[in-house]
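Visitor: The structure follows.
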Amino acid sequence: MIEFINVDKVYQNNVKALQNINLQIDKGEFVAVIGLSGAGKSTLIRCINRMHDISQGQLIVDGVEVGKLKGKEVRKFRRRIGMIFQSFNLITRTTVLNNVLVSFVPELSYIRKLTGFFSKEHKIKALTALDQVGILDKAYVRVDQLSGGQQQRVALARTLAQNPDIILADEPIASLDPVTSKQVMDDFQRINREMGISVIMNIHHVEVALEYAERIIGVREGQVVFDGKAAEVTAEILDYIYKGKAEEILENLEGEEAYV
Amino acid sequence: MIEFINVDKVYQNNVKALQNINLQIDKGEFVAVIGLSGAGKSTLIRCINRMHDISQGQLIVDGVEVGKLKGKEVRKFRRRIGMIFQSFNLITRTTVLNNVLVSFVPELSYIRKLTGFFSKEHKIKALTALDQVGILDKAYVRVDQLSGGQQQRVALARTLAQNPDIILADEPIASLDPVTSKQVMDDFQRINREMGISVIMNIHHVEVALEYAERIIGVREGQVVFDGKAAEVTAEILDYIYKGKAEEILENLEGEEAYV
Amino acid sequence: MYDKIFPPKKIQMPNGKTVLEKRSRTPLVIILIMAGLFFSIELTNFDINQIIKNGYKFYMIIEEMIPPKWEHLPNIWTPLMDTIKMSLLGSVLGSLAAIPFAYLASSNIVKSNVINTAARIFLSLLRTMPALVTALIATFVFGLGTLAGTVAIFLFTLSYVGKLLYEQIENAGMGSFEAMESLGMTKSQAFRQAIFPQVLPNYLSTSLFCFEGNVRHAAILGYVGAGGIGLLLDEGIGWRDYASVGMILLVLAITVFAIETVSEHFRKKLV
Amino acid sequence: GDSEEGSANESDNEAEASDKENSSADSEEDSEEAAGESIDTLSIGFVPSRDPEEIITATEPLKELLKTEMAGLGYDIGEVEITVGTNYEAVGEALSAGSTDVGLIPGGTYVLYDDGAEVLLTSTRAGLSNDSDDPKDWNDNKPTEPVDEQVTYYRSLVIAGPSAKGQELAEKVNNGEELTFEDLNSASWAVMSSSSSAGYIYPALWLQENYDKTITDLENLVQVDSYGSAFARLAAEQVDIVVSYADARRDNEEAWQGEFEREGSIWDETNVVGVTDKIYNDTISVSKNSEIMTDDLKTAIQQAFINIAQTDAGKEVISIYSHEGYQEASSSDYDNERSAQEFLQSLN
Amino acid sequence: MNHVEKQLYAAPRNYLYLYTVAFILTVLFVWSVSAVSLNDVKESGLSIAVNIISGILTPDLELLLTFNSNGVAYLLVETIAIAFLGTIIGSILAIPLAFLSASNVVPKPVAFLTRLLLIFIRTVPAIVYGLMFIRVTGPGPFAGVLTIGITSIGMLSKLYVDAIENLDTSVLESMTSIGCTTMEKIRYGIVPQLFSMFLSIMIYRFDMNLRDASVLGLVGAGGIGAPLLFAMNSYRWNEVGSILIGLVILIIIVELASNKMRSKLIKG
Ligand SMILES: Nc1ncnc2c1ncn2[C@@H]1O[C@H](COP(=O)(O)OP(=O)(O)OP(=O)(O)O)[C@@H](O)[C@H]1O
Ligand SMILES: Nc1ncnc2c1ncn2[C@@H]1O[C@H](COP(=O)(O)OP(=O)(O)OP(=O)(O)O)[C@@H](O)[C@H]1O
Ligand SMILES: [Mg+2]
Ligand SMILES: [Mg+2]
């Protein structure tokens with residue numbers, strides 16, 4: 001269970017990215033976070049596995065207060081949380097399998113770490129993860145030869161191999177075409193349902209969010225402005241989540257005089 | 001008017017990308033071409049301005065048989081047809097204005113071509129085009145500093161500066177987020193309506209296609225499998241256009257044995 | 001081939017599926033490299049012990065170079081300027097001449113295998129021709145002195161920049177080139193508008209790198225009478241006057257540093 | 001791997017050495033042979049003073065000759081390594097650092113590197129039919145031929161070429177006129193690298209003695225990489241004057257009318273306008289810093305080369321350098337050369 | 001004046017900069033042209049040049065086809081060995097230097113000092129290195145190996161630095177999220193990326209080192225360089241020709257192979 005209690009996040013440049021967030025996400029939920037660009041979605045997600053430190057408040061994951069963790073504990077804590085990025089963040093110039101195997105690196109003995117030889121069990125685990133996202137046949141292909149959707153699946157497999165309790169996904173389908181998007185979203189859904197892994201996902205595609213997520217969190221200017229079942233989301237709510245800025249943009253476009 | 005008469009297109013590697021296409025697109029129409037990846041949408045569009053040569057049949061644009069044009073005539077012919085790409089295809093590392101100005105290059109004197117100095121009239125024309133798509137204020141900004149949507153608008157302005165009769169757009173919003181997509185699509189619609197320029201667009205987002213286009217052409221495995229008003233498109237029709245392959249993909253995913 | 005000799009390993013997965021893991025090529029590559037190393041060491045009498053034992057002797061010449069002989073400075077100016085002049089002229093002309101050759105050698109722009117290959121072989125031959133040979137021939141055609149050196153540098157620059165440039169052109173994004181073609185431009189116009197700006201920063205930095213290299217190479221060209229600071233360097237070495245050699249090298253190093261700084265400035269401007 | 005190979009060869013050579021009856025070895029020293037010291041490799045460096053390509057092939061037999069000869073003197077040498085440096089400095093540096101044991105180097109190079117090298121022998125060679133220091137004599141008695149007499153020196157010549165300027169200077173000399181420095185300065189010169197005795201140092205001294213000027217005072221001066229190149233440029237009329245060892249015209253006689261495409265012979269088209277002092281012949285020097293070098297070894301090497309030069313096979317080998325024999329030499333023989341170099345360097 | 005025209009005049013003016021640069025370039029160019037004087041050009045020189053070229057074009061095939069230790073084939077093999085070993089030594093030495101001069105890895109002053117050091121290493125000509133190493137190893141291919149090694153450092157480390165500065169660091173972020181330590185991130189996130197880039201750079205430099213064989217000749221450092229230089233000095237151009245033919249064939253083979261390997265390394 002993830003719990004945000006009065007969480008604030010201020011970046012060094014004094015940008016208030018999150019303000020007074022209170023949230024509670026249960027195990028096994030599929031949550032979509034929506035909102036305009038710059039609303040603070042990425043910040044919200046990244047605080048969970050402490051890629052960013054929060055400035056104020058408490059963030060408790062499965063009873064552990066994240067902010068209190070130190071050095072090694074942080075790394076150990078992160079191993080339980082998978083993270084998927086918009087740009088896949090794979091190691092280029094190496095094979096799919098190697099990319100998945102990376103998730104075992106922290107468990108390796110010192111010598112294996114240096115030489116980069118993985119045991120057969122690890123290989124089988126990694127291959128199983130690839131099988132779960134349906135790209136087992138690409139195991140020995142270099143990742144740069146895969147399409148975007150396939151690359152995202154590799155990232156997904158890498159995360160699955162980690163055997164996480166929670167998956168955080170930061171716009172996982174933003175650079176994918178709709179068909180591939182659908183496949184990747186189906187994967188997420190399956191993983192969520194079959195393995196009971198919580199999924200918290202930032203997403204720009206509202207219609208996709210509504211289709212797949214059970215729960216929607218709307219973020220606007222660093223604040224949670226909506227939190228409810230996907231089925232409850234109406235056009236007005238969307239308008240409310242997105243409105244502030246949409247108008248601004250339009251205004252900008254129709255500005256009478258343009259300056260450089 | 002664009003007329004396809006029994007057009008076939010076979011790529012050098014023997015891929016039959018188009019088969020027996022018969023189409024007629026009138027001046028001022030807004031046509032969306034939809035279909036699966038690899039169906040032949042891009043090929044269809046690219047044949048129109050002869051970025052690809054057709055293999056069989058006739059393609060007639062405004063009474064001119066495209067296949068018969070030679071060297072200089074092809075280039076002259078292309079000037080009347082604007083083209084927009086999914087990845088914008090702007091010249092990076094230079095300003096927005098310069099990107100629009102390039103559309104005048106074929107008209108320039110030899111010296112100007114080499115030195116890259118443009119006359120004042122050309123500059124005004126280019127700025128006007130930028131104004132039409134609402135990014136006049138970005139004229140002297142380097143394109144790599146713009147967002148995706150803004151970049152696509154620069155591409156649109158470049159095409160408008162060309163003063164074309166027809167605009168071909170190959171997935172112009174595929175790499176844009178929904179809000180920006182909407183703005184760009186609105187631009188297309190305005191250009192189509194106000195200037196009477198025909199727009200033929202490949203697009204993956206069916207719902208967007210249905211919203212903006214008057215006419216939908218469904219392509220499947222190189223053949224036109226649907227051609228009709230956007231209003232007439234039903235779920236069954238979409239299913240028919242997209243189905244063939246969707247199943248295949250799924251099959252692929254569930255393949256029993258995987259080889260490298 | 002390899003897979004036939006070493007059949008892929010089967011990995012059995014718990015859910016019954018099997019995956020064929022190709023045998024890694026790494027052992028083969030390592031064996032090849034080891035064999036290469038072994039033969040090279042044999043052929044060249046490479047002996048690490050000798051380095052350990054006599055390594056200190058390496059520094060003797062350097063020690064003699066320090067401190068450099070400052071009085072030598074006035075003698076250096078003119079030949080240094082000659083060297084810079086011929087490197088500059090040769091590099092500028094060479095880099096410019098490289099553009100058309102690189103254009104012809106790029107398979108993504110000129111779609112003719114014959115032309116591509118011809119241009120590439122030309123560049124490759126030019127690159128193989130040792131600078132000393134070209135410089136020597138040039139001294140007969142153009143007389144002893146800096147003109148001959150300039151010609152040798154020109155040819156070298158042409159071949160070096162030409163090769164790197166065509167590789168960059170082939171790696172350039174073709175999207176904007178396509179867009180230019182769709183605007184009705186000819187290939188060369190589209191190249192000028194879309195590809196050239198993309199490769200420009202790299203082209204400039206390659207050219208400047210080459211210029212800098214040429215200043216240093218010009219030091220060797222003096223050997224065959226092609227003028228420049230090489231004569232002076234040769235004389236210093238001949239007389240075992242390493243303090244003067246040190247002075248020349250110091251001046252050269254400062255020149256190289258200046259060129260590199262300028263080069264950085266423009267690259268930052270452009271990228 | 002090296003040392004193993006060396007010792008493997010050693011036994012072979014021993015067998016070989018005892019097989020062959022040495023004609024020239026002293027029989028007294030033969031008895032010491034059994035207790036002889038063994039040396040893995042003896043490396044000899046040659047300077048490229050003649051035709052380096054030929055040096056490599058022609059000196060191949062020297063390896064065996066030297067081994068046999070040294071065996072006779074009580075040294076088992078595993079391998080004789082011969083390298084021809086592409087320039088004088090390479091051989092000099094190697095010798096002074098001790099990475100080469102023996103060097104066949106010119107006197108000038110020896111003097112420059114005498115901090116690490118010690119001269120053992122001076123070569124003797126056939127004198128030339130002309131040994132006058134008056135240039136006119138050289139022009140009157142063309143062509144120059146070798147004679148039987150052995151000498152330990154040679155000379156360098158200042159040679160005017162077929163260009164108008166060259167002809168003009170030659171004319172004056174042959175009319176018995178003294179050339180002025182202005183005459184010389186109006187011509188263009190090709191010289192060798194500044195450490196070359198015949199191609200730079202002695203001509204510079206000649207200028208100094210006769211005109212109180214030095215080479216760098218000449219306005220039209222180019223340095224060329226080889227004597228071949230110098231004569232090619234003389235033939236091409238790119239330069240008016242070259243300086244070279246006295247024999248050089250004989251060496252380039254063929255090329256002159258061949259590759260250089262001159263109509264007349266080299267003897268007709270070139271004239272001597274200056275003759276330098278005597279230049280001591282090439283030396284055989286050893287490294288002071290080589291690990292294997294001992295006084296005994298030095299004496300042995302000295303003796304071995306003198307012996308080799310007396311055999312027919314040996315004569316043929318050293319003829320490539322136009323050496324015909326060796327005489328013992330000492331450092332003081334090169335004092336002249338030393339002062340010449342000191343003087344030239346002081347000008348810089 | 002409407003807003004379009006207003007924008008026209010709002011164009012940022014960096015003409016001053018452009019004109020200054022153009023002016024300086026022109027001045028430099030004109031100045032450098034003064035290096036050229038055509039009055040040394042002589043007819044007869046041309047005919048010798050023609051003879052040289054025709055000599056090169058009628059190579060001494062015997063030399064080319066001799067397979068003993070004086071034949072071109074053997075010398076080329078020796079050259080390959082020198083270039084191979086030299087490249088490996090240079091590549092290894094260049095790695096620490098490259099990291100020390102990459103401004104995104106070490107603090108600025110360290111990077112700057114390393115850069116200076118690299119400039120000095122680059123500036124010393126091969127002929128001087130040759131002499132230095134001959135003191136250590138004696139003349140011969142061993143000295144050649146070391147010379148090639150050290151002269152390669154300059155370019156290698158420059159290209160390495162480019163690769164290091166272009167590292168895709170996004171993967172590090174995801175490795176952080178997996179819970180990797182810095183060392184693990186370097187080993188699994190950076191090394192695989194750099195490995196193939198570095199290898200490709202090394203292959204490229206090997207190709208260049210083969211060509212630099214002629215420079216090696218200057219210092220008597222073995223391989224094909226010395227015979228080439230000797231043949232040049234004694235004006236045996238048909239020998240030069242046969243050596244060059246050997247060199248060209250070798251280099252074209254190596255270039256084809258290296259292009260293939262490099263594109264495989266980079267593009268997979
Ligand atoms: N590392 C950072 N340092 C300073 N400010 C930051 C940083 N990262 C983000 N911000 C700022 O914090 C605010 C929230 O950013 P965040 O990335 O969370 O938005 P987002 O909702 O993910 O937007 P997008 O949809 O564009 O990814 C923005 O104003 C942004 O400019
Ligand atoms: N240049 C080419 N050479 C050979 N085959 C090609 C080429 N371009 C496309 N094809 C093939 O032609 C077929 C149609 O491709 P096309 O690009 O027109 O599809 P598309 O509908 O635009 O797909 P997408 O939505 O992925 O862009 C595909 O099978 C493709 O592999
Ligand atoms: Mg974000
Ligand atoms: Mg397409």
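Letters A, B, ... go to the chains of the structure tokens in the order shown; residues in each chain start at 1; ligands are counted from 1 in the same order.
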Contacts of Asn259 in chain E at 10 Å or less, counting only C-alpha atoms, minus same-chain residues fewer than 5 places along, as a ChimeraX atom specification?
Guide: /E:200,203-204,207,253-254,264-265
Visitor: Mind checking which residues fall within 8 Å of range 114-131 of chain D, counting only C-alpha atoms, ignoring those fewer than 4 positions away in the same chain, and posting them as a PyMOL selection string?
Guide: chain D and resi 95-98+110+137-138+141+144-154+280-289+298+302+322-331
Visitor: Please report as a ChimeraX atom specification which residues of chain E come no farther than 7 Å from chain C, using only C-alpha atoms.
Guide: /E:29,32-33,35-37,40-41,45-46,48-49,78,81-82,85,119-120,123-124,132-133,135-137,141-142,211,214,248
Visitor: Would you save the residues from that selection as a PDB file, in the first residue's frame, using C-alpha atoms?
Guide:
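Once everything was written out, this is selection_20.pdb:
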```pdb
ATOM      1  CA  PHE E  29      42.938  33.068 -46.541  1.00  0.00           C
ATOM      2  CA  SER E  32      47.908  32.032 -46.525  1.00  0.00           C
ATOM      3  CA  VAL E  33      47.824  32.359 -50.304  1.00  0.00           C
ATOM      4  CA  ALA E  35      52.660  30.833 -49.254  1.00  0.00           C
ATOM      5  CA  VAL E  36      52.184  30.041 -52.898  1.00  0.00           C
ATOM      6  CA  SER E  37      54.703  31.254 -55.379  1.00  0.00           C
ATOM      7  CA  ASP E  40      59.533  27.802 -58.768  1.00  0.00           C
ATOM      8  CA  VAL E  41      57.564  25.706 -61.172  1.00  0.00           C
ATOM      9  CA  GLY E  45      60.734  19.282 -62.841  1.00  0.00           C
ATOM     10  CA  LEU E  46      57.466  18.243 -64.364  1.00  0.00           C
ATOM     11  CA  ILE E  48      60.873  14.172 -63.610  1.00  0.00           C
ATOM     12  CA  ALA E  49      57.553  14.028 -61.819  1.00  0.00           C
ATOM     13  CA  GLU E  78      55.228  -7.072 -40.391  1.00  0.00           C
ATOM     14  CA  ALA E  81      51.701  -6.691 -36.835  1.00  0.00           C
ATOM     15  CA  ILE E  82      53.160  -3.297 -35.935  1.00  0.00           C
ATOM     16  CA  LEU E  85      49.973  -4.110 -31.630  1.00  0.00           C
ATOM     17  CA  ILE E 119      48.003  18.272 -27.002  1.00  0.00           C
ATOM     18  CA  PHE E 120      51.627  17.808 -26.039  1.00  0.00           C
ATOM     19  CA  THR E 123      52.408  17.579 -31.003  1.00  0.00           C
ATOM     20  CA  VAL E 124      55.565  15.529 -30.721  1.00  0.00           C
ATOM     21  CA  MET E 132      62.960   8.180 -27.984  1.00  0.00           C
ATOM     22  CA  PHE E 133      61.827   4.590 -28.329  1.00  0.00           C
ATOM     23  CA  ARG E 135      66.801   4.454 -27.128  1.00  0.00           C
ATOM     24  CA  VAL E 136      64.637   1.991 -25.236  1.00  0.00           C
ATOM     25  CA  THR E 137      64.300  -0.858 -27.670  1.00  0.00           C
ATOM     26  CA  PRO E 141      59.638  -3.096 -35.403  1.00  0.00           C
ATOM     27  CA  PHE E 142      59.429  -2.987 -31.615  1.00  0.00           C
ATOM     28  CA  ARG E 211      48.573   4.005 -43.745  1.00  0.00           C
ATOM     29  CA  SER E 214      55.402   5.354 -44.275  1.00  0.00           C
ATOM     30  CA  VAL E 248      46.857  -0.312 -51.518  1.00  0.00           C
TER      31      VAL E 248
END
```
Visitor: Can I get the residues close to ligand 4 as an NGL selection string, where close means within 7 Å and we count only C-alpha atoms and all ligand atoms?
Guide: :B and (37-38 or 41-42 or 170)
Visitor: Let's have the selection written as a PDB file, in the first residue's frame, with C-alpha atoms.
Guide:
```
ATOM      1  CA  SER B  37       0.692  -0.574 -40.243  1.00  0.00           C
ATOM      2  CA  GLY B  38       2.112  -1.841 -43.496  1.00  0.00           C
ATOM      3  CA  LYS B  41      -1.076   4.058 -46.680  1.00  0.00           C
ATOM      4  CA  SER B  42       2.244   5.798 -46.979  1.00  0.00           C
ATOM      5  CA  ASP B 170       1.627  11.180 -43.635  1.00  0.00           C
TER       6      ASP B 170
END
```
Visitor: Could you check how far CA of Glu171 in chain D sits from CA of Asn271 in chain D, in Å to one decimal?
Guide: 8.9 Å
